>>> print(open('my_file.cif').read())   # mmCIF, C-alpha atoms and all ligand atoms
data_target
loop_
_atom_site.label_atom_id
_atom_site.label_comp_id
_atom_site.auth_asym_id
_atom_site.auth_seq_id
_atom_site.Cartn_x
_atom_site.Cartn_y
_atom_site.Cartn_z
CA MET A 1 3.80 12.73 4.13
CA ASP A 2 6.89 14.94 3.90
CA GLY A 3 8.66 17.13 6.43
CA ASN A 4 9.25 14.94 9.49
CA GLY A 5 13.02 15.44 9.42
CA ARG A 6 12.81 19.22 9.09
CA TRP A 7 10.17 19.42 11.80
CA ALA A 8 12.63 17.75 14.18
CA GLN A 9 15.68 19.69 12.99
CA GLN A 10 13.89 23.00 13.57
CA ARG A 11 13.56 21.92 17.21
CA MET A 12 17.13 20.63 17.51
CA LEU A 13 15.75 17.11 17.87
CA PRO A 14 16.85 13.94 16.10
CA ARG A 15 14.95 13.13 12.89
CA THR A 16 13.51 10.07 14.62
CA VAL A 17 11.41 12.31 16.85
CA GLY A 18 9.95 13.88 13.72
CA HIS A 19 8.91 10.47 12.45
CA GLN A 20 7.33 9.70 15.83
CA ARG A 21 5.33 12.91 15.62
CA GLY A 22 4.43 12.01 12.07
CA ARG A 23 2.70 8.94 13.43
CA ARG A 24 0.32 11.21 15.34
CA ALA A 25 -0.47 13.10 12.14
CA VAL A 26 -1.29 9.79 10.44
CA ARG A 27 -3.93 9.09 13.08
CA LEU A 28 -5.43 12.56 12.62
CA ALA A 29 -5.48 12.17 8.85
CA ILE A 30 -7.34 8.86 9.13
CA GLU A 31 -9.86 10.36 11.55
CA ALA A 32 -10.29 13.40 9.31
CA ALA A 33 -10.79 11.19 6.24
CA ILE A 34 -13.58 9.31 8.02
CA GLU A 35 -15.17 12.54 9.23
CA GLN A 36 -15.04 13.98 5.71
CA GLY A 37 -16.64 10.87 4.21
CA VAL A 38 -13.57 9.96 2.19
CA GLU A 39 -13.86 6.51 0.62
CA ALA A 40 -10.17 5.72 0.23
CA LEU A 41 -6.97 7.19 1.62
CA THR A 42 -3.49 6.23 0.44
CA LEU A 43 -0.53 7.29 2.57
CA PHE A 44 2.99 7.38 1.14
CA ALA A 45 4.96 5.98 4.07
CA PHE A 46 8.20 4.85 2.47
CA SER A 47 9.37 5.13 -1.13
CA SER A 48 11.53 2.90 -3.33
CA GLU A 49 14.14 5.67 -3.07
CA ASN A 50 13.98 5.90 0.74
CA TRP A 51 15.97 2.65 0.90
CA ALA A 52 19.00 4.82 0.07
CA ARG A 53 18.75 6.69 3.40
CA PRO A 54 21.28 5.84 6.14
CA ALA A 55 20.67 2.34 7.54
CA ASP A 56 19.77 3.58 11.03
CA GLU A 57 17.03 5.83 9.66
CA VAL A 58 15.69 3.01 7.47
CA ASN A 59 15.67 0.72 10.51
CA THR A 60 13.92 3.33 12.63
CA LEU A 61 11.23 3.76 9.99
CA MET A 62 10.72 0.00 9.62
CA THR A 63 10.45 -0.47 13.38
CA LEU A 64 8.05 2.47 13.63
CA PHE A 65 5.97 0.89 10.88
CA THR A 66 5.78 -2.58 12.46
CA THR A 67 5.17 -1.30 15.99
CA THR A 68 2.46 1.09 14.83
CA LEU A 69 0.74 -1.59 12.80
CA ARG A 70 0.86 -4.01 15.68
CA GLN A 71 -0.48 -1.44 18.15
CA GLU A 72 -3.17 0.09 15.97
CA LEU A 73 -4.56 -2.90 14.10
CA ASP A 74 -7.30 -3.76 16.59
CA GLU A 75 -8.58 -0.22 16.65
CA LEU A 76 -8.46 0.13 12.86
CA HIS A 77 -10.42 -3.09 12.54
CA GLU A 78 -12.99 -1.97 15.14
CA HIS A 79 -13.52 1.17 13.10
CA ASP A 80 -14.37 -0.91 10.03
CA ILE A 81 -11.24 0.19 8.18
CA ARG A 82 -9.90 -2.03 5.42
CA LEU A 83 -6.13 -2.08 5.17
CA ARG A 84 -4.10 -2.69 2.07
CA PHE A 85 -0.40 -2.26 1.36
CA ILE A 86 1.14 -1.37 -1.96
CA GLY A 87 4.78 -1.52 -2.93
CA ASP A 88 7.59 -3.97 -3.56
CA ARG A 89 7.50 -6.29 -0.56
CA ARG A 90 10.65 -8.22 -1.42
CA PRO A 91 13.12 -5.94 0.42
CA LEU A 92 10.90 -5.59 3.53
CA PRO A 93 11.78 -7.44 6.74
CA ALA A 94 9.92 -10.78 7.03
CA GLU A 95 8.23 -9.58 10.21
CA ALA A 96 6.74 -6.60 8.39
CA ARG A 97 5.55 -8.75 5.48
CA GLU A 98 3.81 -11.19 7.80
CA LEU A 99 2.08 -8.40 9.73
CA MET A 100 0.94 -6.79 6.49
CA GLU A 101 -0.57 -9.98 5.13
CA ALA A 102 -2.32 -10.72 8.41
CA ALA A 103 -3.72 -7.16 8.57
CA GLU A 104 -5.01 -7.36 5.00
CA LEU A 105 -6.71 -10.70 5.64
CA ARG A 106 -8.23 -9.62 8.92
CA THR A 107 -9.69 -6.36 7.60
CA ALA A 108 -10.67 -7.62 4.13
CA GLY A 109 -14.40 -7.39 4.82
CA ASN A 110 -14.34 -3.85 6.25
CA GLN A 111 -16.17 -1.08 4.45
CA ARG A 112 -15.92 2.31 6.11
CA LEU A 113 -12.59 3.48 4.74
CA GLN A 114 -10.09 1.82 2.46
CA LEU A 115 -6.74 2.68 3.99
CA CYS A 116 -3.86 1.99 1.68
CA ILE A 117 -0.27 2.27 2.88
CA ALA A 118 2.40 2.72 0.22
CA ILE A 119 5.58 1.19 1.59
CA SER A 120 8.66 0.41 -0.47
CA TYR A 121 6.49 1.94 -3.18
CA GLY A 122 7.39 3.74 -6.38
CA GLY A 123 5.05 4.79 -9.18
CA ARG A 124 7.56 3.49 -11.73
CA TRP A 125 7.81 0.16 -9.91
CA ASP A 126 4.02 -0.08 -10.02
CA ILE A 127 3.86 0.57 -13.77
CA LEU A 128 6.69 -1.89 -14.45
CA GLN A 129 5.25 -4.70 -12.36
CA ALA A 130 1.87 -4.17 -14.01
CA ALA A 131 3.45 -4.25 -17.49
CA ARG A 132 5.29 -7.45 -16.68
CA ARG A 133 2.11 -9.15 -15.48
CA VAL A 134 -0.18 -7.85 -18.20
CA ASN A 135 2.16 -9.09 -20.91
CA GLU A 136 1.77 -12.57 -19.50
CA ILE A 137 -2.03 -12.32 -19.61
CA CYS A 138 -2.65 -10.36 -22.82
CA SER A 139 -1.88 -11.98 -26.15
CA GLN A 140 -0.69 -10.06 -29.22
CA ASP A 141 -4.24 -9.68 -30.55
CA CYS A 142 -5.51 -8.13 -27.30
CA ASP A 143 -7.25 -4.87 -28.40
CA ASP A 144 -6.38 -1.50 -26.85
CA ALA A 145 -9.38 -1.36 -24.52
CA ALA A 146 -8.82 -4.91 -23.29
CA TYR A 147 -5.11 -4.21 -22.80
CA GLU A 148 -5.87 -1.05 -20.84
CA SER A 149 -8.33 -2.76 -18.53
CA ALA A 150 -5.94 -5.67 -17.97
CA PHE A 151 -3.20 -3.13 -17.22
CA GLU A 152 -5.39 -1.26 -14.74
CA ALA A 153 -6.23 -4.54 -13.07
CA ALA A 154 -2.52 -5.34 -12.72
CA LEU A 155 -1.71 -2.07 -10.95
CA SER A 156 -1.29 -2.37 -7.20
CA THR A 157 -4.20 0.03 -6.65
CA HIS A 158 -6.71 -2.20 -8.43
CA GLY A 159 -10.07 -2.01 -6.67
CA LEU A 160 -9.50 1.45 -5.23
CA PRO A 161 -11.66 4.28 -6.61
CA PRO A 162 -10.07 6.70 -9.11
CA LEU A 163 -7.61 9.08 -7.45
CA ASP A 164 -9.26 12.47 -6.88
CA LEU A 165 -7.01 14.48 -4.59
CA PHE A 166 -3.25 14.41 -4.04
CA ILE A 167 -1.87 16.17 -0.94
CA ARG A 168 1.83 16.85 -0.52
CA THR A 169 3.06 18.41 2.69
CA GLY A 170 6.49 19.83 3.47
CA GLY A 171 6.79 22.56 0.84
CA GLU A 172 8.09 20.65 -2.20
CA ARG A 173 6.15 20.97 -5.44
CA ARG A 174 6.75 17.56 -6.90
CA VAL A 175 5.20 14.14 -7.10
CA SER A 176 8.35 12.17 -6.22
CA ASN A 177 7.41 8.85 -7.82
CA PHE A 178 4.08 8.48 -6.05
CA LEU A 179 1.04 7.12 -7.91
CA LEU A 180 2.22 8.16 -11.38
CA TRP A 181 -0.38 6.41 -13.51
CA GLN A 182 -3.20 7.02 -11.06
CA LEU A 183 -2.45 10.77 -10.76
CA ALA A 184 -3.48 11.47 -14.37
CA TYR A 185 -6.54 13.54 -13.41
CA ALA A 186 -6.03 14.11 -9.71
CA GLU A 187 -6.25 17.60 -8.25
CA LEU A 188 -2.87 18.52 -6.75
CA TRP A 189 -2.70 20.25 -3.37
CA PHE A 190 0.68 21.42 -2.09
CA THR A 191 1.20 22.86 1.36
CA ASP A 192 4.23 24.16 3.23
CA THR A 193 2.91 22.58 6.45
CA LEU A 194 5.35 19.94 7.65
CA TRP A 195 3.76 16.50 8.05
CA PRO A 196 3.89 16.42 11.90
CA ASP A 197 1.90 19.69 11.93
CA PHE A 198 -0.71 18.45 9.45
CA SER A 199 -3.99 18.60 11.37
CA LYS A 200 -7.62 17.72 10.80
CA ASP A 201 -8.12 21.35 9.81
CA SER A 202 -5.32 21.06 7.24
CA PHE A 203 -7.04 18.00 5.82
CA ALA A 204 -10.41 19.76 5.75
CA GLU A 205 -8.83 22.75 4.00
CA ALA A 206 -7.49 20.51 1.22
CA VAL A 207 -10.84 18.74 0.83
CA ALA A 208 -12.71 22.08 0.70
CA TRP A 209 -10.35 23.30 -2.03
CA PHE A 210 -10.89 20.05 -3.91
CA ALA A 211 -14.67 20.49 -3.70
CA SER A 212 -14.35 23.93 -5.34
CA ARG A 213 -12.52 22.58 -8.42
CA ASP A 214 -14.24 22.41 -11.77
CA ARG A 215 -13.17 19.01 -13.11
CA ARG A 216 -13.61 18.65 -16.86
CA PHE A 217 -11.48 15.59 -17.61
CA GLY A 218 -10.43 17.07 -20.94
CA ARG A 219 -13.96 18.02 -21.93
CA ILE A 220 -15.36 21.58 -21.96
C1 LIG A 301 8.90 11.93 6.06
O1 LIG A 301 9.60 13.09 5.97
C2 LIG A 301 8.95 11.07 4.83
C3 LIG A 301 9.41 9.68 5.09
C4 LIG A 301 10.24 9.07 4.27
C5 LIG A 301 8.95 8.94 6.26
P1 LIG A 301 11.16 13.23 5.66
O2 LIG A 301 11.92 12.22 6.45
O3 LIG A 301 11.38 13.18 4.17
O4 LIG A 301 11.42 14.68 6.23
P2 LIG A 301 12.31 15.85 5.60
O5 LIG A 301 11.93 15.99 4.15
O6 LIG A 301 13.73 15.44 5.79
O7 LIG A 301 11.92 17.03 6.41
MG MG A 302 11.52 14.60 2.72
#
>>> encode(input="my_file.cif", output="structure tokens", more="lines below")
Ligand code: IPE
Ligand code: MG
Amino acid sequence: MDGNGRWAQQRMLPRTVGHQRGRRAVRLAIEAAIEQGVEALTLFAFSSENWARPADEVNTLMTLFTTTLRQELDELHEHDIRLRFIGDRRPLPAEARELMEAAELRTAGNQRLQLCIAISYGGRWDILQAARRVNEICSQDCDDAAYESAFEAALSTHGLPPLDLFIRTGGERRVSNFLLWQLAYAELWFTDTLWPDFSKDSFAEAVAWFASRDRRFGRI
């Protein structure tokens, strides 16, 4: 979800306003996902690298995250949405961690949409934490297939369906440490639209493009 800062700067507004408007786009994306029959949606809210932003922006983003979660949880639950958070929780404020755990527990039985929020997330972090855990489980004589399935199970996205479509807004053509392992066969959609302007129509456009792809997974 890239482009909040530029959206605000283009309007001579503080970056914070861009993040606030980005929140609206998150709601639209969730609604669009449900309307399009999407099974799982993962939103990249805050990366491992975003910790290096100025402290006031980091604080703004954390507060926006906790307030939004607090305000929207009831409605998400009513809509049968299951919430999950992926990322390194250790540097997150205690308040955020508690809210996240409570939201995951409360929505655990929901089925309509799996909504996954990547916060303090990095694809490299995910691979490294999985490797660390799988090495504890798998012995030396673990065969390749068993190792691979243990590794997959140790990734933070375990239980989510395979990743089909990646959408990056904001004009950059890069993956920026998102779901590195999981992106292996995803279709990649890049758009210049800044995240606050990303609408239900933008979402539908990406899904329609995805539906037109011929996916061979290395076969012919
Ligand atoms: C949102 O966009 C991404 C977040 C980290 C919340 P940016 O804040 O990266 O916006 P730009 O790239 O400066 O426009
Ligand atoms: Mg950016």
>>> closest_residue(input="my_file.cif", among="A:Trp195, A:Trp125, A:Phe217, A:Phe210", to="ligand LIG 301 (chain A)", atoms="only C-alpha atoms and all ligand atoms")
A:Trp195
>>> closest_atom_pairs(input="my_file.cif", of="chain A", to="ligand MG 302 (chain A)", cutoff="10 Å", atoms="all atoms listed in the file", output="Markdown table")
| residue | atom | partner | partner_atom | distance |
| --- | --- | --- | --- | --- |
| A:Met1 | CA | A:MG302 | MG | 8.1 |
| A:Asp2 | CA | A:MG302 | MG | 4.8 |
| A:Gly3 | CA | A:MG302 | MG | 5.3 |
| A:Asn4 | CA | A:MG302 | MG | 7.1 |
| A:Gly5 | CA | A:MG302 | MG | 6.9 |
| A:Arg6 | CA | A:MG302 | MG | 8.0 |
| A:Asn50 | CA | A:MG302 | MG | 9.3 |
| A:Thr169 | CA | A:MG302 | MG | 9.3 |
| A:Gly170 | CA | A:MG302 | MG | 7.3 |
| A:Gly171 | CA | A:MG302 | MG | 9.4 |
| A:Glu172 | CA | A:MG302 | MG | 8.5 |
| A:Ser176 | CA | A:MG302 | MG | 9.8 |
| A:Leu194 | CA | A:MG302 | MG | 9.5 |
| A:Trp195 | CA | A:MG302 | MG | 9.6 |
>>> closest_residue(input="my_file.cif", among="A:Trp181, A:Glu148, A:Ala8, A:Gln114", to="Asn135 in chain A", atoms="only C-alpha atoms")
A:Glu148
>>> closest_residue(input="my_file.cif", among="A:Glu31, A:Glu98, A:Ala40, A:Glu75", to="Leu165 in chain A", atoms="all atoms listed in the file")
A:Ala40
>>> residues_around(input="my_file.cif", residues="His79 in chain A", least_positions_apart="3", cutoff="12 Å", atoms="all atoms listed in the file", output="list of chain:residue names")
A:Ile30, A:Glu31, A:Ile34, A:Glu72, A:Leu73, A:Asp74, A:Glu75, A:Leu76, A:Arg82, A:Leu83, A:Thr107, A:Gly109, A:Asn110, A:Gln111, A:Arg112, A:Leu113, A:Gln114, A:Leu115
>>> residues_around(input="my_file.cif", residues="Trp189 in chain A", least_positions_apart="4", cutoff="7 Å", atoms="all atoms listed in the file", output="compact mmCIF listing (two decimals) with C-alpha atoms, in the frame of the given file")
# COMPACT_ATOMS: atom_id res chain seq x y z
CA PHE A 166 -3.25 14.41 -4.04
CA ILE A 167 -1.87 16.17 -0.94
CA ARG A 168 1.83 16.85 -0.52
CA ALA A 206 -7.49 20.51 1.22
>>> closest_residue(input="my_file.cif", among="A:Ala96, A:Leu41, A:Ala118, A:Leu155", to="ligand LIG 301 (chain A)", atoms="only C-alpha atoms and all ligand atoms")
A:Ala118
>>> axis_aligned_box(input="my_file.cif", around="ligand LIG 301 (chain A)", padding_each_side="5 Å", output="JSON")
{"center_x": 11.3, "center_y": 13.0, "center_z": 5.3, "size_x": 14.8, "size_y": 18.1, "size_z": 12.3}
>>> closest_residue(input="my_file.cif", among="A:His77, A:Ala102, A:Glu35, A:Ser120", to="Leu61 in chain A", atoms="only C-alpha atoms")
A:Ser120
>>> atom_distance(input="my_file.cif", atom1="CA of Gln129 in chain A", atom2="CA of Asp141 in chain A")
21.1 Å
